[in-house]
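Engineer: Take a look at coords.pdb, PDB, C-alpha atoms:
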ATOM      1  CA  MET Q   1     -11.161  -7.627 -44.330
ATOM      2  CA  ILE Q   2     -13.665  -4.913 -43.484
ATOM      3  CA  ARG Q   3     -14.196  -1.853 -45.634
ATOM      4  CA  LEU Q   4     -16.672   1.006 -45.164
ATOM      5  CA  THR Q   5     -17.248   3.255 -48.143
ATOM      6  CA  ASP Q   6     -19.449   6.213 -49.024
ATOM      7  CA  GLN Q   7     -19.134   5.364 -52.723
ATOM      8  CA  ALA Q   8     -21.298   2.987 -54.769
ATOM      9  CA  PHE Q   9     -19.480  -0.285 -55.435
ATOM     10  CA  ASP Q  10     -19.585  -3.047 -58.045
ATOM     11  CA  ALA Q  11     -20.425  -6.273 -56.206
ATOM     12  CA  GLY Q  12     -19.539  -8.391 -59.224
ATOM     13  CA  ALA Q  13     -16.067  -6.912 -59.403
ATOM     14  CA  LEU Q  14     -15.580  -7.457 -55.653
ATOM     15  CA  LEU Q  15     -16.574 -11.112 -55.996
ATOM     16  CA  ASN Q  16     -14.264 -11.557 -58.943
ATOM     17  CA  ASP Q  17     -11.312 -10.092 -57.039
ATOM     18  CA  PHE Q  18     -12.159 -12.167 -53.984
ATOM     19  CA  CYS Q  19     -12.042 -15.401 -56.019
ATOM     20  CA  MET Q  20      -8.906 -14.482 -57.918
ATOM     21  CA  GLY Q  21      -5.844 -16.547 -57.141
ATOM     22  CA  ARG Q  22      -7.507 -18.948 -54.710
ATOM     23  CA  ILE Q  23      -6.156 -22.389 -55.371
ATOM     24  CA  GLU Q  24      -6.903 -24.082 -52.050
ATOM     25  CA  SER Q  25     -10.335 -22.661 -51.123
ATOM     26  CA  GLY Q  26     -12.795 -24.843 -52.971
ATOM     27  CA  ALA Q  27     -15.814 -22.724 -52.046
ATOM     28  CA  VAL Q  28     -16.773 -19.063 -52.101
ATOM     29  CA  ALA Q  29     -20.213 -17.851 -50.990
ATOM     30  CA  SER Q  30     -21.383 -14.273 -51.299
ATOM     31  CA  PHE Q  31     -24.314 -12.055 -50.480
ATOM     32  CA  VAL Q  32     -25.342  -8.627 -51.768
ATOM     33  CA  GLY Q  33     -27.871  -6.502 -49.871
ATOM     34  CA  ILE Q  34     -29.644  -3.910 -52.029
ATOM     35  CA  ALA Q  35     -31.594  -0.836 -50.926
ATOM     36  CA  ARG Q  36     -35.319  -1.295 -51.634
ATOM     37  CA  ALA Q  37     -37.551   1.399 -53.119
ATOM     38  CA  GLU Q  38     -40.567   0.124 -51.093
ATOM     39  CA  ALA Q  39     -42.860   1.199 -53.931
ATOM     40  CA  GLY Q  40     -41.768   4.815 -53.622
ATOM     41  CA  ARG Q  41     -41.929   4.968 -49.815
ATOM     42  CA  ALA Q  42     -38.132   4.962 -49.571
ATOM     43  CA  VAL Q  43     -36.345   7.782 -51.342
ATOM     44  CA  ALA Q  44     -32.967   6.998 -49.786
ATOM     45  CA  LEU Q  45     -31.309   5.262 -46.885
ATOM     46  CA  GLU Q  46     -28.740   7.031 -44.773
ATOM     47  CA  LEU Q  47     -26.293   4.951 -42.794
ATOM     48  CA  GLU Q  48     -24.069   6.375 -40.129
ATOM     49  CA  ALA Q  49     -21.051   4.565 -38.718
ATOM     50  CA  TYR Q  50     -18.630   5.416 -35.913
ATOM     51  CA  GLN Q  51     -15.389   5.415 -37.826
ATOM     52  CA  GLY Q  52     -12.855   3.087 -36.241
ATOM     53  CA  PHE Q  53     -15.315   1.649 -33.728
ATOM     54  CA  THR Q  54     -17.660   0.208 -36.380
ATOM     55  CA  GLU Q  55     -14.833  -1.466 -38.332
ATOM     56  CA  ALA Q  56     -13.326  -2.856 -35.114
ATOM     57  CA  GLU Q  57     -16.642  -4.328 -33.913
ATOM     58  CA  ILE Q  58     -17.384  -5.932 -37.282
ATOM     59  CA  GLY Q  59     -13.789  -7.172 -37.438
ATOM     60  CA  ARG Q  60     -14.184  -8.872 -34.076
ATOM     61  CA  ILE Q  61     -17.271 -10.745 -35.321
ATOM     62  CA  ALA Q  62     -15.584 -11.621 -38.611
ATOM     63  CA  ASP Q  63     -12.606 -13.082 -36.709
ATOM     64  CA  GLY Q  64     -15.054 -15.117 -34.618
ATOM     65  CA  ALA Q  65     -16.767 -16.371 -37.788
ATOM     66  CA  ARG Q  66     -13.439 -17.326 -39.303
ATOM     67  CA  THR Q  67     -12.647 -19.526 -36.317
ATOM     68  CA  ARG Q  68     -16.150 -20.872 -35.790
ATOM     69  CA  PHE Q  69     -16.750 -21.953 -39.385
ATOM     70  CA  GLY Q  70     -13.144 -22.594 -40.359
ATOM     71  CA  LEU Q  71     -13.133 -19.925 -43.059
ATOM     72  CA  ASP Q  72     -10.044 -19.275 -45.148
ATOM     73  CA  ASP Q  73     -11.070 -15.666 -45.654
ATOM     74  CA  ALA Q  74     -13.941 -13.207 -45.364
ATOM     75  CA  LEU Q  75     -14.581  -9.840 -46.988
ATOM     76  CA  ILE Q  76     -17.190  -7.338 -45.856
ATOM     77  CA  VAL Q  77     -17.789  -4.114 -47.776
ATOM     78  CA  HIS Q  78     -20.466  -1.848 -46.319
ATOM     79  CA  ARG Q  79     -21.848   1.433 -47.549
ATOM     80  CA  VAL Q  80     -22.226   4.450 -45.305
ATOM     81  CA  GLY Q  81     -23.835   7.795 -46.106
ATOM     82  CA  ARG Q  82     -26.756   8.206 -48.457
ATOM     83  CA  ILE Q  83     -27.795   5.169 -50.501
ATOM     84  CA  ALA Q  84     -30.329   5.253 -53.331
ATOM     85  CA  PRO Q  85     -32.797   2.419 -54.020
ATOM     86  CA  GLY Q  86     -31.174  -0.190 -56.238
ATOM     87  CA  GLU Q  87     -27.681   0.463 -54.906
ATOM     88  CA  ALA Q  88     -25.814  -2.231 -53.010
ATOM     89  CA  ILE Q  89     -25.621  -1.607 -49.260
ATOM     90  CA  VAL Q  90     -23.488  -4.534 -48.248
ATOM     91  CA  PHE Q  91     -21.317  -7.201 -49.823
ATOM     92  CA  VAL Q  92     -20.135 -10.258 -47.910
ATOM     93  CA  ALA Q  93     -17.952 -13.025 -49.308
ATOM     94  CA  THR Q  94     -16.546 -16.028 -47.485
ATOM     95  CA  ALA Q  95     -14.055 -18.624 -48.651
ATOM     96  CA  SER Q  96     -13.486 -22.100 -47.252
ATOM     97  CA  ARG Q  97     -12.265 -25.515 -48.347
ATOM     98  CA  HIS Q  98     -15.816 -26.869 -48.678
ATOM     99  CA  ARG Q  99     -19.150 -25.194 -49.404
ATOM    100  CA  ARG Q 100     -21.043 -25.662 -46.102
ATOM    101  CA  ALA Q 101     -18.648 -23.467 -44.103
ATOM    102  CA  ALA Q 102     -18.717 -20.733 -46.762
ATOM    103  CA  PHE Q 103     -22.548 -20.706 -46.866
ATOM    104  CA  GLU Q 104     -22.926 -20.747 -43.092
ATOM    105  CA  GLY Q 105     -20.203 -18.174 -42.482
ATOM    106  CA  CYS Q 106     -21.822 -15.801 -44.976
ATOM    107  CA  ASP Q 107     -25.298 -16.368 -43.482
ATOM    108  CA  PHE Q 108     -23.969 -15.791 -39.951
ATOM    109  CA  LEU Q 109     -22.146 -12.586 -40.909
ATOM    110  CA  MET Q 110     -25.259 -11.160 -42.586
ATOM    111  CA  ASP Q 111     -27.467 -11.974 -39.579
ATOM    112  CA  TYR Q 112     -24.971 -10.203 -37.351
ATOM    113  CA  LEU Q 113     -24.598  -7.214 -39.681
ATOM    114  CA  LYS Q 114     -28.390  -6.756 -39.951
ATOM    115  CA  SER Q 115     -29.055  -6.826 -36.230
ATOM    116  CA  ARG Q 116     -26.038  -5.898 -34.123
ATOM    117  CA  ALA Q 117     -23.476  -4.059 -36.188
ATOM    118  CA  PRO Q 118     -22.811  -0.476 -35.047
ATOM    119  CA  PHE Q 119     -24.706   1.480 -37.659
ATOM    120  CA  TRP Q 120     -27.520   3.994 -37.327
ATOM    121  CA  LYS Q 121     -29.970   3.907 -40.172
ATOM    122  CA  LYS Q 122     -32.352   6.590 -41.334
ATOM    123  CA  GLU Q 123     -34.957   6.053 -43.999
ATOM    124  CA  HIS Q 124     -35.845   9.084 -46.088
ATOM    125  CA  GLY Q 125     -39.349   8.912 -47.559
ATOM    126  CA  PRO Q 126     -41.679  11.327 -49.337
ATOM    127  CA  ASP Q 127     -43.035  12.477 -45.947
ATOM    128  CA  GLY Q 128     -39.741  12.949 -44.169
ATOM    129  CA  ALA Q 129     -37.150  10.827 -42.430
ATOM    130  CA  ARG Q 130     -37.304   8.247 -39.656
ATOM    131  CA  TRP Q 131     -34.720   6.252 -37.730
ATOM    132  CA  VAL Q 132     -34.949   2.527 -38.345
ATOM    133  CA  GLU Q 133     -34.238  -0.186 -35.793
ATOM    134  CA  PRO Q 134     -33.817  -3.930 -36.354
ATOM    135  CA  ARG Q 135     -37.044  -5.858 -37.036
ATOM    136  CA  PRO Q 136     -38.024  -8.640 -34.611
ATOM    137  CA  GLN Q 137     -37.163 -11.063 -37.439
ATOM    138  CA  ASP Q 138     -33.584  -9.721 -37.486
ATOM    139  CA  HIS Q 139     -33.226 -10.565 -33.784
ATOM    140  CA  THR Q 140     -34.718 -14.037 -34.354
ATOM    141  CA  ASP Q 141     -32.346 -14.611 -37.264
ATOM    142  CA  VAL Q 142     -29.227 -13.752 -35.294
ATOM    143  CA  ALA Q 143     -30.394 -15.753 -32.239
ATOM    144  CA  ARG Q 144     -30.214 -18.929 -34.378
ATOM    145  CA  TRP Q 145     -26.435 -18.811 -33.949
ATOM    146  CA  ASP Q 146     -26.340 -18.437 -30.125
TER     147      ASP Q 146
ATOM    148  CA  MET E   1     -11.574  18.620 -21.787
ATOM    149  CA  ALA E   2     -13.178  15.957 -23.913
ATOM    150  CA  ARG E   3     -14.340  15.459 -27.464
ATOM    151  CA  VAL E   4     -18.005  14.471 -27.455
ATOM    152  CA  LEU E   5     -19.606  12.604 -30.366
ATOM    153  CA  LEU E   6     -23.313  11.983 -30.863
ATOM    154  CA  PHE E   7     -24.757   9.371 -33.201
ATOM    155  CA  GLY E   8     -28.116   8.517 -34.727
ATOM    156  CA  ARG E   9     -31.150  10.220 -33.252
ATOM    157  CA  LEU E  10     -29.020  11.911 -30.564
ATOM    158  CA  SER E  11     -27.369  14.237 -33.093
ATOM    159  CA  ASP E  12     -30.826  15.105 -34.469
ATOM    160  CA  VAL E  13     -32.011  16.032 -30.959
ATOM    161  CA  ALA E  14     -28.896  18.096 -30.232
ATOM    162  CA  GLY E  15     -28.464  19.688 -33.657
ATOM    163  CA  TRP E  16     -24.737  18.854 -33.592
ATOM    164  CA  ARG E  17     -22.588  15.802 -34.071
ATOM    165  CA  GLU E  18     -19.270  16.671 -32.476
ATOM    166  CA  ARG E  19     -18.100  19.156 -29.868
ATOM    167  CA  THR E  20     -15.159  19.786 -27.608
ATOM    168  CA  LEU E  21     -16.083  20.501 -24.005
ATOM    169  CA  ASP E  22     -13.582  22.361 -21.864
ATOM    170  CA  ALA E  23     -13.941  22.974 -18.170
ATOM    171  CA  GLY E  24     -15.944  20.584 -16.031
ATOM    172  CA  ALA E  25     -15.958  17.620 -18.398
ATOM    173  CA  GLY E  26     -13.947  15.368 -16.120
ATOM    174  CA  SER E  27     -16.247  12.341 -16.158
ATOM    175  CA  ILE E  28     -19.083  10.845 -18.162
ATOM    176  CA  ALA E  29     -21.565  11.954 -15.512
ATOM    177  CA  ALA E  30     -20.168  15.502 -15.637
ATOM    178  CA  ILE E  31     -20.548  15.605 -19.415
ATOM    179  CA  ARG E  32     -24.141  14.378 -19.155
ATOM    180  CA  ALA E  33     -24.873  17.064 -16.553
ATOM    181  CA  LEU E  34     -23.242  19.821 -18.630
ATOM    182  CA  LEU E  35     -25.160  18.886 -21.753
ATOM    183  CA  ALA E  36     -28.443  18.469 -19.861
ATOM    184  CA  ALA E  37     -28.043  21.920 -18.281
ATOM    185  CA  GLU E  38     -27.902  23.619 -21.669
ATOM    186  CA  ASP E  39     -30.350  21.331 -23.502
ATOM    187  CA  ALA E  40     -32.941  19.466 -21.451
ATOM    188  CA  ASP E  41     -34.155  17.412 -24.420
ATOM    189  CA  LEU E  42     -30.634  16.206 -25.096
ATOM    190  CA  GLY E  43     -30.134  15.496 -21.397
ATOM    191  CA  GLU E  44     -33.162  13.234 -21.473
ATOM    192  CA  ALA E  45     -32.143  11.561 -24.749
ATOM    193  CA  LEU E  46     -28.688  10.733 -23.358
ATOM    194  CA  VAL E  47     -30.182   8.623 -20.577
ATOM    195  CA  ALA E  48     -32.893   6.980 -22.702
ATOM    196  CA  PRO E  49     -33.031   3.165 -22.600
ATOM    197  CA  GLY E  50     -30.385   1.493 -24.733
ATOM    198  CA  VAL E  51     -28.025   4.466 -25.008
ATOM    199  CA  GLN E  52     -24.459   3.253 -24.528
ATOM    200  CA  VAL E  53     -21.299   5.253 -23.950
ATOM    201  CA  ALA E  54     -17.915   4.569 -25.533
ATOM    202  CA  VAL E  55     -14.744   6.187 -24.253
ATOM    203  CA  ASP E  56     -11.858   6.105 -26.718
ATOM    204  CA  GLN E  57     -13.872   3.655 -28.818
ATOM    205  CA  ALA E  58     -14.506   1.107 -26.059
ATOM    206  CA  ILE E  59     -17.952   0.626 -24.508
ATOM    207  CA  VAL E  60     -17.993   1.698 -20.863
ATOM    208  CA  ARG E  61     -20.591   0.732 -18.266
ATOM    209  CA  GLY E  62     -21.112   3.105 -15.361
ATOM    210  CA  ASP E  63     -19.132   6.295 -14.866
ATOM    211  CA  LEU E  64     -15.508   6.895 -15.742
ATOM    212  CA  VAL E  65     -13.019   9.669 -15.029
ATOM    213  CA  LEU E  66     -11.785  11.158 -18.295
ATOM    214  CA  ASN E  67      -8.487  12.650 -19.323
ATOM    215  CA  ALA E  68      -7.982  15.726 -21.490
ATOM    216  CA  ALA E  69      -7.777  13.761 -24.727
ATOM    217  CA  SER E  70     -10.740  11.456 -24.143
ATOM    218  CA  GLU E  71     -13.198  10.848 -26.943
ATOM    219  CA  VAL E  72     -16.662  10.223 -25.531
ATOM    220  CA  ALA E  73     -19.333   8.846 -27.847
ATOM    221  CA  PHE E  74     -23.022   8.480 -26.979
ATOM    222  CA  LEU E  75     -24.477   5.594 -28.969
ATOM    223  CA  PRO E  76     -28.240   5.092 -29.262
ATOM    224  CA  PRO E  77     -29.467   1.549 -30.006
ATOM    225  CA  MET E  78     -27.654   0.281 -33.083
ATOM    226  CA  SER E  79     -29.753  -0.461 -36.125
ATOM    227  CA  GLY E  80     -27.529  -2.892 -37.955
ATOM    228  CA  GLY E  81     -26.756  -2.269 -41.587
TER     229      GLY E  81
END
Starting from the file, lay out its structure as structure tokens.
Structural biologist:
Amino acid sequence: MIRLTDQAFDAGALLNDFCMGRIESGAVASFVGIARAEAGRAVALELEAYQGFTEAEIGRIADGARTRFGLDDALIVHRVGRIAPGEAIVFVATASRHRRAAFEGCDFLMDYLKSRAPFWKKEHGPDGARWVEPRPQDHTDVARWD
Amino acid sequence: MARVLLFGRLSDVAGWRERTLDAGAGSIAAIRALLAAEDADLGEALVAPGVQVAVDQAIVRGDLVLNAASEVAFLPPMSGG
């Protein structure tokens, strides 16, 4: 399931709900991405999505991950709009029968989200705003799965 | 007629995010030409490397004839989340 939200969310509560009632998945892995302050250089992040398109593209990748790693389930919650340092940007949880698939599925989804997902990211700093593009490391990370 | 959406740096260049174009917006190329004629900077930004076009939320390569209800989105390189 893919959810975009412009509201701050409680990653712990999401993880709790995701685990609730699972009696056949023996493993749940999760990841929380948090906006960095960069020692005062980042005042806020602003993330723009193309409503409908962004969810559909992420959903396509999540379906692929489900098949590839044999996941029972995956949840992706992603912030859009203005995000303050310390707030969670993204939450990913994966469930599978055994731990390896859950870890790898979560790792794969994060590498995809950080490099190819349809978002446009602006960093607001003390001296103004700039558009951010993926770092070379983000491309290297996602290429591990090709 | 077509609804045109701009994302990321493109909406900063244009100063708008969404517009409905009436006459003469019958193809992607026609929309590019219309927008370039009124705003040369935007015209240039729309053909910058890595800018993709989605029609009705599907990425399109090359030109495409549009219908009256088409939604045309210009997507600069995606940043990831």
Engineer: So that I can see what lies close to Ala2 (chain E), please list as a PDB file with C-alpha atoms, in the frame of the given file the residues with an atom at most 10 Å from it, counting all atoms listed in the file and leaving out residues fewer than 5 positions away in the same chain.
Structural biologist:
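Written file, selection_19.pdb:
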ATOM      1  CA  ARG E  19     -18.100  19.156 -29.868  1.00  0.00           C
ATOM      2  CA  THR E  20     -15.159  19.786 -27.608  1.00  0.00           C
ATOM      3  CA  LEU E  21     -16.083  20.501 -24.005  1.00  0.00           C
ATOM      4  CA  ASP E  22     -13.582  22.361 -21.864  1.00  0.00           C
ATOM      5  CA  ALA E  23     -13.941  22.974 -18.170  1.00  0.00           C
ATOM      6  CA  GLY E  24     -15.944  20.584 -16.031  1.00  0.00           C
ATOM      7  CA  ALA E  25     -15.958  17.620 -18.398  1.00  0.00           C
ATOM      8  CA  GLY E  26     -13.947  15.368 -16.120  1.00  0.00           C
ATOM      9  CA  SER E  27     -16.247  12.341 -16.158  1.00  0.00           C
ATOM     10  CA  ILE E  28     -19.083  10.845 -18.162  1.00  0.00           C
ATOM     11  CA  ILE E  31     -20.548  15.605 -19.415  1.00  0.00           C
ATOM     12  CA  VAL E  55     -14.744   6.187 -24.253  1.00  0.00           C
ATOM     13  CA  LEU E  66     -11.785  11.158 -18.295  1.00  0.00           C
ATOM     14  CA  ASN E  67      -8.487  12.650 -19.323  1.00  0.00           C
ATOM     15  CA  ALA E  68      -7.982  15.726 -21.490  1.00  0.00           C
ATOM     16  CA  ALA E  69      -7.777  13.761 -24.727  1.00  0.00           C
ATOM     17  CA  SER E  70     -10.740  11.456 -24.143  1.00  0.00           C
ATOM     18  CA  GLU E  71     -13.198  10.848 -26.943  1.00  0.00           C
ATOM     19  CA  VAL E  72     -16.662  10.223 -25.531  1.00  0.00           C
TER      20      VAL E  72
END
Engineer: Using all atoms listed in the file, I'd like every residue of chain Q that has an atom within 12 Å of chain E; please write them out as number ranges by chain.
Structural biologist: Q: 4, 33-35, 45-58, 76-81, 83, 88-91, 109-123, 129-136, 138-139, 142
Engineer: Between CA of Asp12 (chain E) and CA of Val47 (chain E), what is the distance in Å, rounded to a tenth?
Structural biologist: 15.3 Å
Engineer: I'd like the residues picked by the PyMOL selection byres ((chain Q and resi 31) around 6) written out as a list in words, using the chain letters and numbers from the file.
Structural biologist: Ser30, Val32, Phe91 and Val92 of chain Q
Engineer: Identify, on the basis of only C-alpha atoms, every residue whose closest approach to Arg99 (chain Q) does not exceed 9 Å; exclude the query and any residue fewer than 4 positions from it along the same chain; express the result as an mmCIF file with C-alpha atoms, in the frame of the given file.
Structural biologist:
data_model
loop_
_atom_site.group_PDB
_atom_site.id
_atom_site.type_symbol
_atom_site.label_atom_id
_atom_site.label_comp_id
_atom_site.auth_asym_id
_atom_site.auth_seq_id
_atom_site.Cartn_x
_atom_site.Cartn_y
_atom_site.Cartn_z
ATOM 1 C CA GLY Q 26 -12.795 -24.843 -52.971
ATOM 2 C CA ALA Q 27 -15.814 -22.724 -52.046
ATOM 3 C CA VAL Q 28 -16.773 -19.063 -52.101
ATOM 4 C CA ALA Q 29 -20.213 -17.851 -50.990
ATOM 5 C CA ALA Q 95 -14.055 -18.624 -48.651
ATOM 6 C CA PHE Q 103 -22.548 -20.706 -46.866
ATOM 7 C CA GLU Q 104 -22.926 -20.747 -43.092
#
Engineer: How many Å lie between CA of Phe9 (chain Q) and CA of Ala37 (chain Q), rounded to one decimal?
Structural biologist: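 According to the coordinates, CA of Phe9 (chain Q) and CA of Ala37 (chain Q) are separated by 18.3 Å.
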Engineer: To one decimal in Å, tell me the separation between CA of Ile23 (chain Q) and CA of Gly64 (chain Q).
Structural biologist: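 Interatomic distance, CA of Ile23 (chain Q) to CA of Gly64 (chain Q): 23.7 Å.
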